[in-house]
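See below for model.txt, which holds compact mmCIF, C-alpha atoms.
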# COMPACT_ATOMS: atom_id res chain seq x y z
CA MET A 1 -2.23 38.10 -31.04
CA ALA A 2 -5.33 39.93 -29.87
CA LEU A 3 -8.46 37.95 -29.16
CA ASP A 4 -10.60 40.52 -30.96
CA ALA A 5 -13.68 40.28 -33.17
CA ASP A 6 -11.64 39.03 -36.14
CA TRP A 7 -10.20 36.26 -34.00
CA THR A 8 -13.66 35.37 -32.69
CA ARG A 9 -14.98 35.06 -36.25
CA ARG A 10 -11.98 32.95 -37.29
CA TRP A 11 -12.52 30.71 -34.28
CA ILE A 12 -16.18 30.09 -35.02
CA GLU A 13 -15.50 29.55 -38.76
CA LEU A 14 -12.80 27.03 -37.85
CA VAL A 15 -15.19 25.21 -35.52
CA ALA A 16 -17.75 25.06 -38.35
CA ASP A 17 -15.08 23.64 -40.72
CA ARG A 18 -13.92 21.00 -38.26
CA VAL A 19 -17.39 19.94 -37.23
CA ALA A 20 -18.21 19.45 -40.91
CA GLU A 21 -15.02 17.42 -41.40
CA ARG A 22 -15.54 15.29 -38.30
CA LYS A 23 -19.31 14.97 -38.11
CA ALA A 24 -19.28 11.27 -39.04
CA GLU A 25 -16.71 10.58 -36.33
CA LEU A 26 -18.71 12.51 -33.70
CA SER A 27 -21.91 10.71 -34.65
CA HIS A 28 -20.08 7.40 -34.54
CA LEU A 29 -19.02 8.07 -30.94
CA ASP A 30 -22.63 9.00 -30.20
CA ARG A 31 -23.97 5.88 -31.89
CA ASP A 32 -21.93 3.75 -29.49
CA ILE A 33 -23.52 5.18 -26.34
CA GLY A 34 -26.26 7.59 -27.41
CA ASP A 35 -28.67 8.33 -30.22
CA GLY A 36 -26.07 8.75 -32.95
CA ASP A 37 -26.83 12.30 -34.07
CA HIS A 38 -24.24 14.47 -32.32
CA GLY A 39 -22.18 15.19 -35.45
CA GLU A 40 -25.16 15.91 -37.69
CA ASN A 41 -26.80 18.08 -35.02
CA LEU A 42 -23.69 20.18 -34.45
CA ASP A 43 -23.05 20.45 -38.19
CA ARG A 44 -26.59 21.74 -38.74
CA GLY A 45 -26.06 24.25 -35.93
CA PHE A 46 -22.67 25.55 -37.06
CA THR A 47 -23.73 25.66 -40.71
CA ALA A 48 -26.55 27.99 -39.62
CA VAL A 49 -24.08 29.96 -37.48
CA ARG A 50 -21.76 30.41 -40.48
CA SER A 51 -24.55 31.76 -42.62
CA ARG A 52 -25.86 34.16 -39.96
CA LEU A 53 -22.34 35.31 -39.12
CA ALA A 54 -21.97 36.56 -42.69
CA ASP A 55 -24.96 38.85 -42.13
CA LEU A 56 -23.76 40.20 -38.79
CA ASP A 57 -22.54 43.83 -38.63
CA ALA A 58 -18.88 44.10 -39.56
CA ASP A 59 -18.16 46.03 -36.34
CA ALA A 60 -19.81 43.45 -34.04
CA THR A 61 -17.83 42.88 -30.80
CA PRO A 62 -16.62 39.44 -29.70
CA GLY A 63 -19.51 39.38 -27.24
CA ALA A 64 -22.07 40.07 -29.98
CA ILE A 65 -20.57 37.31 -32.14
CA LEU A 66 -20.72 34.82 -29.25
CA LYS A 67 -24.33 35.79 -28.61
CA LEU A 68 -25.25 35.12 -32.24
CA VAL A 69 -23.59 31.69 -31.96
CA ALA A 70 -25.62 31.02 -28.80
CA THR A 71 -29.05 31.91 -30.14
CA THR A 72 -28.38 30.08 -33.40
CA LEU A 73 -27.26 26.86 -31.72
CA ILE A 74 -30.21 26.95 -29.31
CA SER A 75 -32.71 27.18 -32.14
CA THR A 76 -31.10 24.91 -34.75
CA VAL A 77 -29.23 22.00 -33.14
CA GLY A 78 -32.18 19.86 -32.01
CA GLY A 79 -30.32 17.62 -29.53
CA ALA A 80 -29.10 18.21 -25.99
CA SER A 81 -25.97 19.90 -27.30
CA GLY A 82 -28.12 22.81 -28.59
CA PRO A 83 -29.26 24.09 -25.21
CA LEU A 84 -25.94 23.09 -23.61
CA TYR A 85 -23.55 24.79 -26.06
CA GLY A 86 -26.13 27.55 -26.60
CA THR A 87 -26.15 28.34 -22.89
CA ALA A 88 -22.34 28.13 -22.81
CA PHE A 89 -21.95 30.69 -25.61
CA LEU A 90 -24.68 32.87 -24.09
CA LYS A 91 -22.92 33.02 -20.72
CA ALA A 92 -19.59 33.53 -22.52
CA SER A 93 -21.06 36.48 -24.41
CA MET A 94 -22.27 38.00 -21.14
CA ALA A 95 -18.79 37.60 -19.62
CA ALA A 96 -17.30 39.19 -22.76
CA GLY A 97 -19.56 42.21 -22.42
CA ASP A 98 -18.80 45.09 -24.79
CA ALA A 99 -15.04 44.52 -24.74
CA GLU A 100 -13.11 44.86 -28.00
CA THR A 101 -10.82 41.96 -27.08
CA LEU A 102 -11.04 39.01 -24.71
CA ASP A 103 -7.32 39.02 -23.80
CA ASP A 104 -7.83 40.30 -20.28
CA ARG A 105 -10.85 38.13 -19.51
CA LEU A 106 -10.41 34.87 -21.40
CA ALA A 107 -10.33 32.72 -18.25
CA ASP A 108 -13.56 34.37 -17.07
CA VAL A 109 -15.24 33.84 -20.45
CA LEU A 110 -14.33 30.14 -20.45
CA ALA A 111 -15.41 29.73 -16.83
CA ALA A 112 -18.76 31.40 -17.59
CA ALA A 113 -19.30 29.01 -20.51
CA ARG A 114 -18.54 26.01 -18.31
CA ASP A 115 -20.77 27.33 -15.50
CA GLY A 116 -23.60 27.73 -18.01
CA ILE A 117 -23.28 24.09 -19.08
CA VAL A 118 -23.20 22.91 -15.48
CA ALA A 119 -26.27 25.00 -14.60
CA ARG A 120 -28.18 23.75 -17.64
CA GLY A 121 -27.23 20.08 -17.57
CA LYS A 122 -26.60 19.67 -13.83
CA ALA A 123 -23.66 17.36 -14.54
CA GLU A 124 -20.54 17.15 -12.41
CA VAL A 125 -17.00 16.13 -13.23
CA GLY A 126 -16.92 12.35 -13.61
CA ASP A 127 -20.45 12.01 -15.02
CA LYS A 128 -19.00 11.26 -18.50
CA THR A 129 -20.22 14.47 -20.14
CA MET A 130 -18.75 17.56 -21.80
CA VAL A 131 -18.12 18.94 -18.29
CA ASP A 132 -15.23 16.45 -18.07
CA ALA A 133 -13.52 18.35 -20.89
CA TRP A 134 -14.62 21.85 -19.90
CA THR A 135 -13.58 21.84 -16.25
CA PRO A 136 -9.91 20.86 -16.72
CA ALA A 137 -9.78 23.36 -19.62
CA VAL A 138 -11.07 26.18 -17.43
CA ASP A 139 -8.63 25.28 -14.66
CA ALA A 140 -5.70 25.14 -17.10
CA ALA A 141 -6.64 28.49 -18.65
CA ALA A 142 -6.87 30.15 -15.24
CA ALA A 143 -3.34 29.01 -14.40
CA ALA A 144 -1.76 30.20 -17.68
CA PRO A 145 0.38 33.38 -17.82
CA ASP A 146 -1.39 35.00 -20.80
CA ALA A 147 -4.34 34.52 -23.14
CA VAL A 148 -2.45 32.74 -25.91
CA ALA A 149 -0.92 30.28 -23.46
CA ALA A 150 -4.33 29.89 -21.85
CA LEU A 151 -5.94 28.85 -25.14
CA ALA A 152 -3.25 26.23 -25.79
CA ALA A 153 -3.45 24.93 -22.23
CA ALA A 154 -7.25 24.78 -22.38
CA ALA A 155 -7.19 22.81 -25.64
CA ASP A 156 -4.64 20.32 -24.26
CA ALA A 157 -6.60 19.89 -21.02
CA ALA A 158 -9.91 19.43 -22.87
CA GLU A 159 -8.40 16.73 -25.09
CA ALA A 160 -7.00 14.92 -22.05
CA GLY A 161 -10.34 15.31 -20.29
CA ALA A 162 -12.21 13.86 -23.28
CA ALA A 163 -9.89 10.84 -23.39
CA ALA A 164 -10.38 10.36 -19.66
CA THR A 165 -14.14 9.87 -20.13
CA GLU A 166 -13.55 6.50 -21.80
CA PRO A 167 -13.47 4.27 -18.69
CA LEU A 168 -16.36 6.09 -17.00
CA VAL A 169 -19.95 4.97 -16.46
CA ALA A 170 -22.31 7.76 -17.59
CA ARG A 171 -24.53 9.40 -15.01
CA LYS A 172 -26.27 11.92 -17.30
CA GLY A 173 -27.85 11.84 -20.73
CA ARG A 174 -28.85 9.00 -23.00
CA ALA A 175 -25.68 7.03 -22.19
CA SER A 176 -26.76 6.77 -18.54
CA TYR A 177 -29.34 4.17 -19.64
CA LEU A 178 -26.49 1.88 -20.69
CA GLY A 179 -24.87 1.47 -17.28
CA GLU A 180 -21.52 -0.32 -17.49
CA ARG A 181 -21.92 -0.87 -21.24
CA ALA A 182 -20.88 2.79 -21.66
CA MET A 183 -17.42 1.94 -20.32
CA GLY A 184 -14.70 1.92 -22.98
CA HIS A 185 -16.42 4.58 -25.09
CA ARG A 186 -15.49 8.25 -25.26
CA ASP A 187 -18.24 10.75 -24.50
CA PRO A 188 -19.09 12.56 -27.77
CA GLY A 189 -19.85 15.87 -26.03
CA SER A 190 -16.43 15.90 -24.40
CA GLU A 191 -14.88 15.25 -27.83
CA SER A 192 -16.75 18.13 -29.48
CA THR A 193 -15.71 20.38 -26.58
CA ALA A 194 -12.09 19.47 -27.26
CA LEU A 195 -12.67 20.26 -30.94
CA ILE A 196 -14.10 23.70 -30.12
CA LEU A 197 -11.29 24.61 -27.73
CA ARG A 198 -8.56 23.30 -30.08
CA ALA A 199 -10.03 25.51 -32.81
CA ALA A 200 -9.84 28.47 -30.41
CA ALA A 201 -6.14 27.81 -29.88
CA GLU A 202 -5.45 27.57 -33.64
CA ALA A 203 -7.66 30.41 -34.90
CA MET B 1 -59.72 30.05 -18.81
CA SER B 2 -57.46 27.42 -17.29
CA VAL B 3 -53.84 26.45 -16.87
CA GLY B 4 -52.43 25.31 -20.23
CA LEU B 5 -50.06 22.45 -21.03
CA VAL B 6 -47.14 22.06 -23.42
CA VAL B 7 -46.02 18.53 -24.30
CA VAL B 8 -42.33 18.43 -25.34
CA SER B 9 -41.23 15.18 -26.92
CA HIS B 10 -38.40 14.11 -29.22
CA SER B 11 -41.08 12.71 -31.51
CA ALA B 12 -43.82 14.78 -33.16
CA GLN B 13 -46.04 11.70 -33.16
CA ILE B 14 -45.59 11.08 -29.43
CA ALA B 15 -46.39 14.70 -28.62
CA ALA B 16 -49.46 14.69 -30.88
CA GLY B 17 -50.65 11.39 -29.42
CA ILE B 18 -50.35 12.64 -25.86
CA VAL B 19 -52.23 15.82 -26.75
CA GLU B 20 -55.01 13.68 -28.21
CA LEU B 21 -55.12 11.36 -25.19
CA ALA B 22 -55.02 14.08 -22.53
CA GLY B 23 -57.43 16.27 -24.49
CA GLN B 24 -60.06 13.55 -24.33
CA MET B 25 -60.52 14.36 -20.68
CA ALA B 26 -60.03 18.10 -20.85
CA ASP B 27 -62.13 19.78 -23.54
CA ASP B 28 -61.45 23.31 -22.37
CA VAL B 29 -57.71 23.09 -21.67
CA ALA B 30 -55.14 24.42 -24.13
CA ILE B 31 -52.78 21.46 -24.65
CA VAL B 32 -50.07 22.17 -27.20
CA ALA B 33 -47.73 19.66 -28.83
CA ALA B 34 -44.06 20.62 -29.26
CA GLY B 35 -42.60 17.42 -30.67
CA GLY B 36 -39.66 16.80 -32.98
CA THR B 37 -37.25 19.20 -34.63
CA ASP B 38 -38.20 22.11 -36.90
CA ASP B 39 -37.85 19.88 -39.94
CA GLY B 40 -39.88 17.03 -38.46
CA GLY B 41 -36.96 14.86 -37.34
CA ILE B 42 -36.31 13.29 -33.95
CA GLY B 43 -35.18 15.88 -31.42
CA THR B 44 -36.58 18.95 -29.74
CA SER B 45 -37.08 22.43 -31.11
CA PHE B 46 -36.50 25.58 -29.11
CA ASP B 47 -38.75 27.52 -31.49
CA LEU B 48 -41.62 25.01 -31.23
CA VAL B 49 -41.39 25.01 -27.44
CA THR B 50 -41.29 28.80 -27.28
CA ALA B 51 -44.31 29.06 -29.60
CA GLY B 52 -46.09 26.38 -27.55
CA LEU B 53 -45.54 28.28 -24.31
CA GLU B 54 -47.11 31.34 -25.87
CA ALA B 55 -50.05 29.42 -27.34
CA ALA B 56 -50.85 27.57 -24.10
CA ASP B 57 -50.71 30.60 -21.82
CA SER B 58 -54.06 32.26 -21.27
CA GLY B 59 -52.75 34.15 -18.26
CA ASP B 60 -53.35 31.35 -15.75
CA GLY B 61 -49.99 29.72 -16.41
CA VAL B 62 -48.49 26.73 -18.20
CA VAL B 63 -47.22 23.34 -17.08
CA VAL B 64 -44.62 21.73 -19.37
CA LEU B 65 -44.29 17.95 -19.68
CA CYS B 66 -41.07 16.55 -21.18
CA ASP B 67 -39.82 13.16 -22.28
CA LEU B 68 -36.06 12.43 -22.34
CA GLY B 69 -33.32 14.65 -20.91
CA SER B 70 -32.67 17.03 -23.77
CA ALA B 71 -36.39 17.89 -23.95
CA VAL B 72 -36.00 19.20 -20.41
CA LEU B 73 -32.88 21.15 -21.42
CA THR B 74 -34.69 22.71 -24.38
CA ALA B 75 -37.73 23.58 -22.26
CA GLU B 76 -35.60 25.14 -19.53
CA THR B 77 -33.59 27.12 -22.09
CA ALA B 78 -36.82 28.42 -23.65
CA LEU B 79 -38.01 29.37 -20.18
CA ASP B 80 -34.81 31.28 -19.43
CA LEU B 81 -35.28 33.41 -22.52
CA LEU B 82 -38.91 34.37 -21.82
CA ASP B 83 -39.57 37.73 -20.27
CA ASP B 84 -39.83 37.69 -16.46
CA ASP B 85 -43.59 38.09 -16.42
CA ALA B 86 -44.26 35.12 -18.72
CA ARG B 87 -41.59 32.98 -17.07
CA ALA B 88 -43.19 33.41 -13.64
CA ARG B 89 -46.25 31.55 -14.93
CA VAL B 90 -44.45 28.48 -16.32
CA ARG B 91 -43.52 25.28 -14.46
CA VAL B 92 -41.59 22.31 -15.88
CA ALA B 93 -43.05 19.17 -14.32
CA ASP B 94 -40.82 16.38 -13.05
CA ALA B 95 -43.23 13.69 -14.20
CA PRO B 96 -43.58 10.83 -16.68
CA ILE B 97 -44.83 12.49 -19.85
CA VAL B 98 -47.95 10.42 -20.58
CA GLU B 99 -49.33 9.94 -17.09
CA GLY B 100 -48.25 13.43 -16.06
CA ALA B 101 -49.98 15.07 -19.03
CA VAL B 102 -53.23 13.19 -18.38
CA ALA B 103 -53.21 14.03 -14.67
CA ALA B 104 -52.37 17.68 -15.33
CA ALA B 105 -55.06 17.97 -18.02
CA VAL B 106 -57.74 16.65 -15.67
CA ALA B 107 -56.62 19.00 -12.90
CA ALA B 108 -56.58 21.96 -15.29
CA GLN B 109 -60.04 21.05 -16.57
CA ALA B 110 -61.25 21.01 -12.96
CA GLY B 111 -60.07 24.61 -12.65
CA ASP B 112 -57.06 23.98 -10.43
CA VAL B 113 -54.45 26.74 -10.13
CA LEU B 114 -50.93 26.44 -11.55
CA GLU B 115 -49.24 24.86 -8.52
CA ALA B 116 -52.07 22.34 -8.12
CA VAL B 117 -51.86 21.32 -11.78
CA LEU B 118 -48.09 20.91 -11.40
CA SER B 119 -48.61 18.80 -8.31
CA ALA B 120 -51.21 16.65 -10.11
CA ALA B 121 -48.63 15.95 -12.85
CA GLU B 122 -45.91 15.15 -10.35
CA THR B 123 -48.06 12.67 -8.40
CA ALA B 124 -47.74 10.55 -11.54
CA ARG B 125 -44.20 9.71 -10.44
CA GLY B 126 -45.51 7.48 -7.66
CA SER B 127 -48.61 6.17 -9.37
CA ALA B 128 -47.34 2.60 -9.57
CA HIS B 129 -47.40 2.42 -5.79
CA ALA B 130 -50.55 4.48 -5.32
CA ASP B 131 -52.54 1.75 -3.63
CA ALA B 132 -49.92 1.40 -0.92
CA ALA B 133 -49.24 5.10 -0.54
CA GLU B 134 -51.88 6.24 1.91
CA PRO B 135 -53.43 4.46 4.85
CA GLY B 136 -56.43 6.87 4.67
CA VAL B 137 -58.62 6.31 7.69
CA PRO B 138 -62.17 7.34 6.76
CA ALA B 139 -63.37 9.77 9.40
CA GLY B 140 -66.56 11.32 8.04
CA PRO B 141 -69.64 10.04 6.28
CA SER B 142 -69.07 7.07 3.99
CA ARG B 143 -70.87 4.85 1.49
CA THR B 144 -70.04 1.40 0.17
CA LEU B 145 -70.84 1.16 -3.54
CA THR B 146 -70.50 -1.29 -6.41
CA LEU B 147 -69.15 -0.24 -9.78
CA VAL B 148 -71.81 -1.07 -12.36
CA ASN B 149 -70.42 0.57 -15.47
CA ALA B 150 -68.58 -1.43 -18.12
CA SER B 151 -65.12 0.03 -17.76
CA GLY B 152 -64.99 0.40 -13.97
CA LEU B 153 -62.90 3.24 -12.58
CA HIS B 154 -60.76 3.64 -15.69
CA ALA B 155 -59.54 6.83 -17.28
CA ARG B 156 -62.73 8.62 -18.33
CA PRO B 157 -64.87 7.74 -15.28
CA ALA B 158 -61.93 8.55 -13.01
CA ALA B 159 -61.59 11.95 -14.69
CA GLU B 160 -65.31 12.58 -14.15
CA LEU B 161 -64.98 11.60 -10.51
CA VAL B 162 -62.03 13.93 -9.95
CA GLN B 163 -63.85 16.82 -11.60
CA LEU B 164 -67.01 16.21 -9.58
CA ILE B 165 -65.07 16.15 -6.31
CA ALA B 166 -63.34 19.41 -7.17
CA THR B 167 -66.73 21.17 -6.92
CA PHE B 168 -67.10 20.37 -3.19
CA ASP B 169 -65.39 21.75 -0.12
CA ALA B 170 -64.41 18.30 1.11
CA THR B 171 -61.56 15.80 1.16
CA VAL B 172 -62.81 12.60 -0.41
CA LEU B 173 -61.17 9.20 -0.14
CA VAL B 174 -61.91 6.27 -2.42
CA ASN B 175 -60.72 3.02 -0.87
CA GLY B 176 -58.42 5.12 1.27
CA VAL B 177 -56.71 7.11 -1.51
CA ASP B 178 -57.14 10.83 -2.09
CA ALA B 179 -59.72 11.10 -4.85
CA ARG B 180 -58.34 14.45 -6.06
CA SER B 181 -55.54 12.44 -7.68
CA MET B 182 -56.73 10.79 -10.85
CA LEU B 183 -53.58 8.69 -11.00
CA ARG B 184 -54.10 7.30 -7.55
CA ILE B 185 -57.67 6.44 -8.44
CA LEU B 186 -56.44 4.71 -11.58
CA GLY B 187 -53.74 3.00 -9.53
CA LEU B 188 -56.47 1.20 -7.59
CA GLY B 189 -57.24 -0.76 -10.76
CA LEU B 190 -60.96 -1.08 -10.03
CA ASP B 191 -63.00 -2.95 -12.64
CA ARG B 192 -66.71 -3.51 -13.12
CA GLY B 193 -68.22 -5.25 -10.12
CA ALA B 194 -65.61 -3.97 -7.66
CA THR B 195 -66.76 -2.66 -4.31
CA ILE B 196 -65.57 0.81 -3.37
CA GLU B 197 -65.78 2.70 -0.15
CA VAL B 198 -66.20 6.45 -0.51
CA SER B 199 -65.69 8.63 2.52
CA ALA B 200 -65.22 12.33 3.07
CA THR B 201 -64.33 14.98 5.59
CA GLY B 202 -64.86 18.72 5.42
CA ALA B 203 -67.70 21.23 5.27
CA GLN B 204 -69.47 19.51 2.37
CA ALA B 205 -68.46 15.93 3.19
CA ARG B 206 -71.99 14.54 3.10
CA GLU B 207 -72.93 16.30 -0.16
CA ALA B 208 -69.70 15.09 -1.78
CA VAL B 209 -70.27 11.46 -0.78
CA GLU B 210 -73.87 11.57 -2.00
CA ALA B 211 -72.85 13.13 -5.30
CA VAL B 212 -70.16 10.49 -5.85
CA ALA B 213 -72.66 7.77 -4.96
CA ALA B 214 -75.13 9.13 -7.51
CA LEU B 215 -72.41 9.22 -10.18
CA VAL B 216 -71.30 5.66 -9.44
CA GLU B 217 -74.86 4.32 -9.27
CA ARG B 218 -75.81 5.76 -12.64
CA GLY B 219 -72.72 4.09 -14.10
CA PHE B 220 -70.91 7.34 -14.98
CA GLY B 221 -73.36 7.70 -17.85
CA GLU B 222 -71.98 4.55 -19.47
CA SER B 223 -74.15 1.59 -20.29

Mind converting the file's structure to structure tokens?
Amino acid sequence: MALDADWTRRWIELVADRVAERKAELSHLDRDIGDGDHGENLDRGFTAVRSRLADLDADATPGAILKLVATTLISTVGGASGPLYGTAFLKASMAAGDAETLDDRLADVLAAARDGIVARGKAEVGDKTMVDAWTPAVDAAAAAPDAVAALAAAADAAEAGAAATEPLVARKGRASYLGERAMGHRDPGSESTALILRAAAEA
Amino acid sequence: MSVGLVVVSHSAQIAAGIVELAGQMADDVAIVAAGGTDDGGIGTSFDLVTAGLEAADSGDGVVVLCDLGSAVLTAETALDLLDDDARARVRVADAPIVEGAVAAAVAAQAGDVLEAVLSAAETARGSAHADAAEPGVPAGPSRTLTLVNASGLHARPAAELVQLIATFDATVLVNGVDARSMLRILGLGLDRGATIEVSATGAQAREAVEAVAALVERGFGES
């Protein structure tokens, strides 16, 4: 399987489908420890992405597709996940460059996305944020023998990372106001990260 | 022109209210609200912030005030996507949004440059402890005065005081705190009837003290 423009479009379409299916669940996680809009915000963003993707040139590269996702999320999501995922996709698109496929640079693309989130949100591993899903995913992808294995490993690691946020006290974002009351709840951003990376592995 | 301000809040009503409040003390400053999402909901809008940065920038720069975390993320993302020239004139203040906006507006109205307006906003962080912050030994000429106006040294008179002082080449202390900082003046909590000691150092120390005395004695134009 080549991680080409067709794959990139399938990936983003699959993310849009799954966000739409799971938006109530994501917002429910957010209602427990945040402002309760994560699912709706992401759904608004990826619905806009889907519609703009249909208008994008048929010969757009993976990098151009990722850039469209970035600018659309930044201007349509409305919550913190807009600038965070927007910056992630923007840095990913820069790492993708003009390449026709991402097979030889997938680990770099994922690392660039994670680095963008860290630079924007200034969170570290253990702060109970999406970084807790991204960082193990990036590490797992870097250790995998090829791109397909890397996607599967990244998705598994992100899901484990999301589950591991449950006992944590939040140090960033709205949940940080809750102190120890955030313990026992999964961080919604880490869950949506796992969703996005699982979709990448299945696209 | 002057430094402009952009107020980024999750709520359109909060942003509009802060613009109204800060604008009361800064007639000539461009203060732009960027509150809520594009469709009027709770959240922040990249497009509103970007448009606000453009509207507030007269060439002297823009200070951005934000409420909760994702407002900062949206503002910083908007900043990253400006061209280099425009971005060089924008600062995101690390300040409480209401107090920071008021302090920045007064400083901008007084003609302060970008870094000074930013610093005025950021002094708002410590305003609760302003009265304990500076020992302030008066070294130059000083006057002891009584506040005769109805509201004492509250927001509007304090803004007038700060703007008056900005016209002199002098460092002025009111009861030991730096009178360039409106928030520190407000932090003194001085009501009608309070006694204040005004002192100054610098080339125009005497003129500054006399001008402040005249302003206080005529009750800041209040009855």

Interface list for chain A, partner chain B, 7 Å threshold, only C-alpha atoms, as a VMD selection string = chain A and resid 74 to 75 78 to 80 83 120 to 121 173

Write out as an MDAnalysis selection string which residues come within 12 Å of Glu160 (chain B) when counting only C-alpha atoms, dropping same-chain ones fewer than 4 positions away.
-> chainID B and resid 24:26 106:107 109:110 153:156 164:167 179:182 185 211:212 215:216 219:222

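A straight line drawn from CA of Ala93 (chain B) to CA of Leu65 (chain B) is 5.6 Å long.
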
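Counting from CA of Glu217 (chain B), the distance to CA of Ala139 (chain B) is 22.6 Å.
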
For Val19 (chain B): contacts at 7 Å, all atoms listed in the file, fewer than 2 positions along chain excluded, given as a PDB file with C-alpha atoms, keeping the file's coordinate frame:
ATOM      1  CA  ALA B  15     -46.390  14.700 -28.620  1.00  0.00           C
ATOM      2  CA  ALA B  16     -49.460  14.690 -30.880  1.00  0.00           C
ATOM      3  CA  GLY B  17     -50.650  11.390 -29.420  1.00  0.00           C
ATOM      4  CA  LEU B  21     -55.120  11.360 -25.190  1.00  0.00           C
ATOM      5  CA  ALA B  22     -55.020  14.080 -22.530  1.00  0.00           C
ATOM      6  CA  GLY B  23     -57.430  16.270 -24.490  1.00  0.00           C
ATOM      7  CA  ILE B  31     -52.780  21.460 -24.650  1.00  0.00           C
ATOM      8  CA  VAL B  32     -50.070  22.170 -27.200  1.00  0.00           C
ATOM      9  CA  ALA B  33     -47.730  19.660 -28.830  1.00  0.00           C
TER      10      ALA B  33
END

Within 7 Å of region 153-170 of chain A, counting all atoms listed in the file, which residues qualify if same-chain residues fewer than 6 places away don't, as a PyMOL selection string?
-> chain A and resi 127-128+132-134+136-138+140-141+176+179-180+182-187+190-191+193-194+197-198+201

Counting only C-alpha atoms, what is within 10 Å of Glu25 (chain A), bar same-chain residues fewer than 5 positions away, as a PyMOL selection string?
-> chain A and resi 19+30-31+38-39+188+191

Filtering to C-alpha atoms, could you give me those residues as an mmCIF file, in the frame of the given file?
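Below is the file that was written, again36.cif:
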data_model
loop_
_atom_site.group_PDB
_atom_site.id
_atom_site.type_symbol
_atom_site.label_atom_id
_atom_site.label_comp_id
_atom_site.auth_asym_id
_atom_site.auth_seq_id
_atom_site.Cartn_x
_atom_site.Cartn_y
_atom_site.Cartn_z
ATOM 1 C CA VAL A 19 -17.390 19.940 -37.230
ATOM 2 C CA ASP A 30 -22.630 9.000 -30.200
ATOM 3 C CA ARG A 31 -23.970 5.880 -31.890
ATOM 4 C CA HIS A 38 -24.240 14.470 -32.320
ATOM 5 C CA GLY A 39 -22.180 15.190 -35.450
ATOM 6 C CA PRO A 188 -19.090 12.560 -27.770
ATOM 7 C CA GLU A 191 -14.880 15.250 -27.830
#

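Environment of (-8.8, 26.2, -32.4): residues at most 7 Å away, judged by only C-alpha atoms, are A:Trp11, A:Leu14, A:Ile196, A:Leu197, A:Arg198, A:Ala199, A:Ala200, A:Ala201, A:Glu202, A:Ala203.
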